[in-house]
Each structure stands twice: as structure tokens, then as C-alpha cells.
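Here's the structure we're looking at; comments come further down.
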Amino acid sequence: MSQTLLHDFKTVKIVCVPIPKSKTKFGLSEKHAKKRLEKSGWEVWRGGNIGLQRRYETYLNVKRKYEKLSDLLNKQYPEQHDYLMLLCAVHHGMPDFLCHRNGVFKFVECKLGYESLSKRQKVCINKLLQLGFAVEVHKIVEKQTKTRIADLNLVTGQKIIKDAQKMLKGY
């Protein structure tokens, strides 16, 4: 692979998911996003655990689940499967989830509304985009946040709003 140039970076879809206020925010973004993805029919794996069954001795159910993921990836992306395992092993920036539904894969990074992507995450997401994977950032936001769907340029940080809440009820 060659060095990544500034113009090689692409845009990433941001999905803002409103939730009611809660007392604790710890683990909220990932838990809420995973539940939402599974409810809409996606099969969800931890993004940083690709090839887990080869690296560690693990529980039988976990091993079966990640062997299924490995088989699906080998079938659809035979050339990229080993590179994905390398990214998981050495690159700290892999998105939180890898999802599969109807022959389509996508990576999903979960963030609370005020959190931004780290430098490592931006580089890793760009590599995944270059491999041909879809990548989305799901932001867990307060109900009054107007943005619902936006595109984010990874280099400039510029957001282009694609869908927004029209009007808040009660105001």
C-alpha cells in the first residue's frame, strides 16, 4: 500500500440517533447502537475482533460466531480478509461494529454527540473505505439536536447536512 494523500480521504455518513436523557453515559452509545442495528435486521460483531477465533482460545459460542463472520468475509472479500485481520491486530482505530445483512457489510463507529473521531480512527476508516466497505458513524444525541443524517469529510471536518429535524414539538 502507498502513503495516504489528503485528496484520497472520502466522506463518511453520520447518523444521529436521538435518545432520552439518562443518568449515566458509560457504554450508552455502543449498547444503544447495537440494539438498534440488531432490531433493524443487521447481524453485529465487534469490529476489533475480526479473526478472534484464530488469535485466542475462546468460548465455543463466541468462536462459532466469529467463524461465521470469517466465512462470510472470505466468501465476499477473499483478498481483504487477511488485511482486515491485520488492521484489527495492529491498528487501534477499528470501528466498534461490523454489521452484515443481505450480503452487505458495513462498519459502524458509535459516539456520543459531543465526541469526535480520533486521528487513528480517521486513518483506519479511510483504509476501510478504500477497501470498498461502507462506514457509518452513529452519534447518540439529545432529542433537541436537529441534525439526523450528515456527511463528514475526514480531512477538513466539514459536515454536509443531508437530513434534519424540521421543528421541535412544544416550542
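Following the order of the C-alpha cells, chains are lettered A, B, ..., residues in each are numbered from 1, and ligands are numbered from 1.
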field: Secondary structure check, strand (DSSP E or B) residues of chain A, as a PyMOL selection string
entry: chain A and resi 11-19+43-46+97-101+104-112+134-142+147-153+159-164
task: Find the residues near A:Cys99: any atom within 12 Å, counting only C-alpha atoms, skip ones fewer than 6 places away on the same chain, and give them as a list of chain:residue names.
output: A:Ala33, A:Lys34, A:Arg36, A:Leu37, A:Glu38, A:Ser40, A:Gly41, A:Trp42, A:Glu43, A:Val44, A:Trp45, A:Arg46, A:Gly47, A:Ile50, A:Leu69, A:Leu72, A:Leu73, A:Phe105, A:Lys106, A:Phe107, A:Val108, A:Glu109, A:Phe133, A:Ala134, A:Val135, A:Glu136
Given the selection you just returned, output its residues as a file containing C-alpha atoms, formatted as a JSON list (two decimals), in the first residue's frame.
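Full text of result06.json as output:
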[["chain", "number", "residue", "atom", "x", "y", "z"],
["A", 33, "ALA", "CA", -26.45, 1.45, 18.65],
["A", 34, "LYS", "CA", -26.03, -2.34, 18.77],
["A", 36, "ARG", "CA", -30.87, -0.51, 17.14],
["A", 37, "LEU", "CA", -28.81, -2.29, 14.45],
["A", 38, "GLU", "CA", -29.98, -5.76, 15.54],
["A", 40, "SER", "CA", -33.33, -3.43, 12.02],
["A", 41, "GLY", "CA", -32.06, -6.86, 10.93],
["A", 42, "TRP", "CA", -28.27, -6.47, 10.98],
["A", 43, "GLU", "CA", -26.08, -9.22, 12.40],
["A", 44, "VAL", "CA", -23.49, -7.44, 14.58],
["A", 45, "TRP", "CA", -19.91, -8.34, 15.54],
["A", 46, "ARG", "CA", -17.28, -6.31, 17.41],
["A", 47, "GLY", "CA", -15.15, -4.61, 14.75],
["A", 50, "ILE", "CA", -12.11, -9.98, 13.34],
["A", 69, "LEU", "CA", -18.06, -13.87, 10.20],
["A", 72, "LEU", "CA", -18.87, -14.55, 5.18],
["A", 73, "LEU", "CA", -15.85, -12.27, 4.71],
["A", 105, "PHE", "CA", -21.25, -5.38, 5.12],
["A", 106, "LYS", "CA", -20.82, -2.07, 6.90],
["A", 107, "PHE", "CA", -18.65, -0.83, 9.73],
["A", 108, "VAL", "CA", -20.27, 1.34, 12.42],
["A", 109, "GLU", "CA", -18.43, 3.61, 14.85],
["A", 133, "PHE", "CA", -16.52, -1.19, 2.80],
["A", 134, "ALA", "CA", -19.33, 1.13, 3.86],
["A", 135, "VAL", "CA", -18.57, 3.00, 7.09],
["A", 136, "GLU", "CA", -21.03, 4.96, 9.22]]
query: If you measure from atom CA of A:Gln76 to atom CA of A:Asp151, what distance in Å do you get, rounded to one decimal?
result: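 Taking atom CA of A:Gln76 as the start and atom CA of A:Asp151 as the end point, the length is 26.4 Å.
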Write out as a short mmCIF file (atom, residue, chain, number, x, y, z; two decimals) with C-alpha atoms, in the first residue's frame each polymer residue whose atoms come within 12 Å of A:Tyr83, counting only C-alpha atoms; drop sequence neighbours fewer than 6 positions from it.
data_model
loop_
_atom_site.label_atom_id
_atom_site.label_comp_id
_atom_site.auth_asym_id
_atom_site.auth_seq_id
_atom_site.Cartn_x
_atom_site.Cartn_y
_atom_site.Cartn_z
CA MET A 1 0.00 0.00 0.00
CA ILE A 50 -12.11 -9.98 13.34
CA GLY A 51 -10.03 -13.16 13.41
CA LEU A 73 -15.85 -12.27 4.71
CA ASN A 74 -13.90 -14.97 2.87
CA TYR A 77 -13.99 -10.25 0.28
CA ALA A 89 -4.27 -6.79 15.31
CA VAL A 90 -2.02 -3.77 14.84
CA HIS A 91 -4.18 -0.73 14.13
CA CYS A 124 -8.49 3.32 9.77
CA LYS A 127 -8.45 2.42 4.75
CA LEU A 128 -11.77 0.58 5.11
CA LEU A 131 -11.13 -1.47 0.54
#
task: Mind listing the helix (DSSP H, G or I) residues of stretch 56-168 of chain A, per DSSP on the backbone, as number ranges by chain?
output: A: 60-76, 81-90, 119-131
message: I'd like the interatomic distance between atom CA of A:Gly48 and atom CA of A:Leu86, to a tenth of an Å.
response: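 Value for the atom CA of A:Gly48-atom CA of A:Leu86 distance: 10.3 Å.
Note that the spacing between atom CA of A:Leu152 and atom CA of A:Phe97 amounts to 18.8 Å.
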For the contact check between stretch 123-155 of chain A and stretch 9-21 of chain A, emit one row per residue of stretch 123-155 of chain A within 7 Å, containing the shortest atom pair and the distance in Å rounded to one decimal, counting only C-alpha atoms, chain then rising number order, as a tab-separated table.
residue	atom	partner	partner_atom	distance
A:Asn126	CA	A:Phe9	CA	6.0
A:Val135	CA	A:Val12	CA	6.3
A:Glu136	CA	A:Lys13	CA	5.0
A:Val137	CA	A:Ile14	CA	4.7
A:His138	CA	A:Val15	CA	4.8
A:Lys139	CA	A:Cys16	CA	4.7
A:Ile140	CA	A:Val17	CA	5.0
A:Val141	CA	A:Pro18	CA	4.9
A:Glu142	CA	A:Pro18	CA	5.3
A:Lys143	CA	A:Pro18	CA	4.8
A:Thr147	CA	A:Cys16	CA	6.6
A:Arg148	CA	A:Cys16	CA	4.6
A:Ile149	CA	A:Val15	CA	4.7
A:Ala150	CA	A:Ile14	CA	5.0
A:Asp151	CA	A:Lys13	CA	4.6
A:Leu152	CA	A:Thr11	CA	5.1
A:Asn153	CA	A:Thr11	CA	4.4
A:Leu154	CA	A:Thr11	CA	6.1
A:Val155	CA	A:Phe9	CA	6.6
